[in-house]
Amino acid sequence: MLGLHARMAARGGDFTAAVVARCAAEVPFYGELPRRTLDGEVTRSITAVHELLLRALRQDGVMGPGDLTRLIEWSGRRAEERVPLEAVIAAYLVGAEVWWQVLAETAEPEELTGAGAKLLACLHAAMPAVVLAHRNAQEDIRSEDKRVRRALLTALLAGRPYEELAEAAGVTVAGGHEVVAMSFEPNPPPRLVQSSLEAHAGVPVLMDHVAGIALLPGGYDLSGLWDSLGEDIGHRVFAAAAPAAGPAAVPAAAQEAGRVLELVQRLGRPPGLYGLDDVLLEYQLARPGDALLRLAAKLDPLEEHPYLLETLRVFVEHGHNRSRSASELCVHRNTLDYRLHRVSTLTGLDLAVPAEARLLQAALVARDLT
């Protein structure tokens, strides 16, 4: 096919111009590139592929190791330039169509079958190598992106300089954040959690999956997110959020969110999203010391009467509503009143006195914490 090779070589300019024009018109990624990029790097790449196809016409085999090596190198470079794999594949297929059109115009009838077979053989050899090389390069890029983002989050949580890491990660961290501590039962795949959070937030989310800490955009409406997250991953989600007005406030917000999360789990609260206001009294009572132990000890006289302790807890949880408490305990109102009287007698604290009732409620929390 030496004659065909010479004729196709003479059509190189036509081939390249046609492929560039069709890619710009038909492939969205290339259509958004500036003209100087199309006339520069894109044109040079298509010219290089044209030369590979020309060599395939001239040689007995389809593509030698050197040709495949060049394709792999180009594919890796395209991935590093953040060219989507679908755009790369589309460009190769456009090139194949244009090459066939030029062949049909240039080849003699007896040459066309062999040249078409060579084109298909080239595609058969090239496409798997291109896809594999592009995906491997993308995976390397994603791994590096993850490493930089983890380093950025670590710097923010530690209150260390973060500006260079933010620039390298391509993430804007100025402004407010919602710092969220999370726990799952059982632990789901990290990629599933990350994907769900980013789908709901609409932006890349910085997250440390080992520590269970994530940064969401400030002002983001968190209501409903955790139910959706639980549905996405199929696991129970415990979460606590604390606002950070700016990067400098992230360490304190992370500590607050972590303490709130630990507290709601110690108290046996149901899955969901909590803030400091949801456990304000409990948060303060959780400070270790003699006062917490003495407060919990107020209920020691009920230790041998677990049904009285349960009655007190239900009564407090139902806001001192006797009817609802009796219904919850499946007892008569008179039985409930007798039990509450026994609680007051044993502890020396009268539930009818507001201050003493508050002390008993606090003692229940202290008992749970200790």
# chains A, B, ... in the order shown; residues from 1 in each chain; ligands from 1

$ select_by_dssp --residues "region 81-217 of chain A" --states "strand (DSSP E)" --output "JSON, numbers by chain"
{"A": [177, 178, 179, 180, 181, 182, 183, 184, 185, 206, 207, 208, 213, 214, 215, 216, 217]}

$ write_last_selection --atoms "N, CA and C atoms" --output "mmCIF file, in the first residue's frame"
data_model
loop_
_atom_site.group_PDB
_atom_site.id
_atom_site.type_symbol
_atom_site.label_atom_id
_atom_site.label_comp_id
_atom_site.auth_asym_id
_atom_site.auth_seq_id
_atom_site.Cartn_x
_atom_site.Cartn_y
_atom_site.Cartn_z
ATOM 1 N N HIS A 177 -17.954 27.615 57.740
ATOM 2 C CA HIS A 177 -18.109 26.174 57.523
ATOM 3 C C HIS A 177 -19.026 25.602 58.590
ATOM 4 N N GLU A 178 -19.603 24.460 58.276
ATOM 5 C CA GLU A 178 -20.241 23.615 59.267
ATOM 6 C C GLU A 178 -19.306 22.428 59.488
ATOM 7 N N VAL A 179 -18.750 22.329 60.692
ATOM 8 C CA VAL A 179 -17.861 21.219 61.008
ATOM 9 C C VAL A 179 -18.724 20.102 61.592
ATOM 10 N N VAL A 180 -18.664 18.946 60.968
ATOM 11 C CA VAL A 180 -19.565 17.850 61.334
ATOM 12 C C VAL A 180 -18.751 16.631 61.755
ATOM 13 N N ALA A 181 -19.077 16.119 62.942
ATOM 14 C CA ALA A 181 -18.501 14.849 63.413
ATOM 15 C C ALA A 181 -19.542 13.761 63.180
ATOM 16 N N MET A 182 -19.106 12.608 62.676
ATOM 17 C CA MET A 182 -20.035 11.549 62.293
ATOM 18 C C MET A 182 -19.617 10.199 62.847
ATOM 19 N N SER A 183 -20.616 9.381 63.076
ATOM 20 C CA SER A 183 -20.388 7.998 63.483
ATOM 21 C C SER A 183 -21.481 7.149 62.847
ATOM 22 N N PHE A 184 -21.111 5.933 62.419
ATOM 23 C CA PHE A 184 -22.043 5.072 61.708
ATOM 24 C C PHE A 184 -22.121 3.707 62.390
ATOM 25 N N GLU A 185 -23.268 3.087 62.275
ATOM 26 C CA GLU A 185 -23.457 1.727 62.791
ATOM 27 C C GLU A 185 -24.096 0.864 61.716
ATOM 28 N N LEU A 206 -14.429 18.297 52.165
ATOM 29 C CA LEU A 206 -13.225 17.838 52.851
ATOM 30 C C LEU A 206 -13.651 16.912 53.977
ATOM 31 N N MET A 207 -13.084 15.694 54.002
ATOM 32 C CA MET A 207 -13.497 14.732 55.025
ATOM 33 C C MET A 207 -12.354 13.827 55.420
ATOM 34 N N ASP A 208 -12.223 13.596 56.712
ATOM 35 C CA ASP A 208 -11.304 12.601 57.257
ATOM 36 C C ASP A 208 -12.163 11.412 57.678
ATOM 37 N N ILE A 213 -14.695 13.317 60.499
ATOM 38 C CA ILE A 213 -14.897 14.771 60.507
ATOM 39 C C ILE A 213 -15.045 15.254 59.069
ATOM 40 N N ALA A 214 -16.043 16.107 58.823
ATOM 41 C CA ALA A 214 -16.256 16.673 57.491
ATOM 42 C C ALA A 214 -16.506 18.164 57.614
ATOM 43 N N LEU A 215 -16.099 18.909 56.565
ATOM 44 C CA LEU A 215 -16.358 20.344 56.469
ATOM 45 C C LEU A 215 -17.365 20.581 55.359
ATOM 46 N N LEU A 216 -18.520 21.130 55.719
ATOM 47 C CA LEU A 216 -19.548 21.477 54.752
ATOM 48 C C LEU A 216 -19.626 22.985 54.629
ATOM 49 N N PRO A 217 -20.158 23.496 53.516
ATOM 50 C CA PRO A 217 -20.205 24.951 53.334
ATOM 51 C C PRO A 217 -20.988 25.638 54.439
#

$ closest_residue --among "A:Val173, A:Leu85, A:Ile46, A:Ala362" --to "Ala297 (chain A)" --atoms "only C-alpha atoms"
A:Ala362

$ residues_around --residues "Lys298 (chain A)" --least-positions-apart "6" --cutoff "8 Å" --atoms "only C-alpha atoms" --output "ChimeraX atom specification"
/A:347,360,363

$ write_last_selection --atoms "C-alpha atoms" --output "mmCIF file, in the first residue's frame"
data_model
loop_
_atom_site.group_PDB
_atom_site.id
_atom_site.type_symbol
_atom_site.label_atom_id
_atom_site.label_comp_id
_atom_site.auth_asym_id
_atom_site.auth_seq_id
_atom_site.Cartn_x
_atom_site.Cartn_y
_atom_site.Cartn_z
ATOM 1 C CA THR A 347 -34.103 10.761 97.640
ATOM 2 C CA LEU A 360 -33.559 15.142 89.989
ATOM 3 C CA ALA A 363 -29.136 13.705 88.512
#

$ closest_residue --among "A:Ala87, A:Ala9, A:Val148, A:Ala133" --to "Tyr162 (chain A)" --atoms "only C-alpha atoms"
A:Val148

$ residues_around --residues "region 113-123 of chain A" --least-positions-apart "6" --cutoff "8 Å" --atoms "only C-alpha atoms" --output "ChimeraX atom specification"
/A:53,56-57,62-63,96,100,103

$ write_last_selection --atoms "C-alpha atoms" --output "PDB file, in the first residue's frame"
ATOM      1  CA  LEU A  53      -2.212   5.580  10.954  1.00  0.00           C
ATOM      2  CA  ALA A  56       0.036   1.247   9.837  1.00  0.00           C
ATOM      3  CA  LEU A  57      -0.657   1.516   6.089  1.00  0.00           C
ATOM      4  CA  VAL A  62      -0.767  -2.758  12.806  1.00  0.00           C
ATOM      5  CA  MET A  63       0.979  -0.963  15.662  1.00  0.00           C
ATOM      6  CA  ALA A  96     -11.522   7.185  12.676  1.00  0.00           C
ATOM      7  CA  TRP A 100     -12.281   6.461   6.594  1.00  0.00           C
ATOM      8  CA  LEU A 103      -9.618   6.803   2.524  1.00  0.00           C
TER       9      LEU A 103
END

$ residues_around --residues "Ala241 (chain A)" --least-positions-apart "4" --cutoff "12 Å" --atoms "only C-alpha atoms" --output "PyMOL selection string"
chain A and resi 177-182+212-223+225-226+250+252-261+272-278

$ write_last_selection --atoms "C-alpha atoms" --output "short mmCIF file (atom, residue, chain, number, x, y, z; two decimals), in the first residue's frame"
data_model
loop_
_atom_site.label_atom_id
_atom_site.label_comp_id
_atom_site.auth_asym_id
_atom_site.auth_seq_id
_atom_site.Cartn_x
_atom_site.Cartn_y
_atom_site.Cartn_z
CA HIS A 177 -18.11 26.17 57.52
CA GLU A 178 -20.24 23.61 59.27
CA VAL A 179 -17.86 21.22 61.01
CA VAL A 180 -19.56 17.85 61.33
CA ALA A 181 -18.50 14.85 63.41
CA MET A 182 -20.03 11.55 62.29
CA GLY A 212 -15.19 11.00 61.04
CA ILE A 213 -14.90 14.77 60.51
CA ALA A 214 -16.26 16.67 57.49
CA LEU A 215 -16.36 20.34 56.47
CA LEU A 216 -19.55 21.48 54.75
CA PRO A 217 -20.20 24.95 53.33
CA GLY A 218 -21.21 27.56 55.87
CA GLY A 219 -24.91 28.36 55.84
CA TYR A 220 -25.74 25.01 54.28
CA ASP A 221 -29.15 23.74 55.37
CA LEU A 222 -28.34 20.51 57.17
CA SER A 223 -31.95 19.59 57.92
CA LEU A 225 -29.36 15.69 55.01
CA TRP A 226 -28.69 12.99 57.57
CA VAL A 250 -12.41 25.25 62.65
CA ALA A 252 -12.71 24.80 68.22
CA ALA A 253 -15.78 23.87 66.18
CA ALA A 254 -14.37 20.38 65.56
CA GLN A 255 -13.79 19.88 69.29
CA GLU A 256 -17.34 21.01 70.06
CA ALA A 257 -18.87 18.73 67.41
CA GLY A 258 -16.79 15.78 68.64
CA ARG A 259 -17.85 16.30 72.26
CA VAL A 260 -21.52 16.63 71.33
CA LEU A 261 -21.34 13.44 69.24
CA GLY A 272 -29.74 11.96 63.82
CA LEU A 273 -28.02 15.32 63.66
CA TYR A 274 -27.37 17.19 66.90
CA GLY A 275 -26.02 20.61 67.85
CA LEU A 276 -24.83 22.01 71.15
CA ASP A 277 -28.26 23.53 71.87
CA ASP A 278 -29.80 20.04 71.74
#
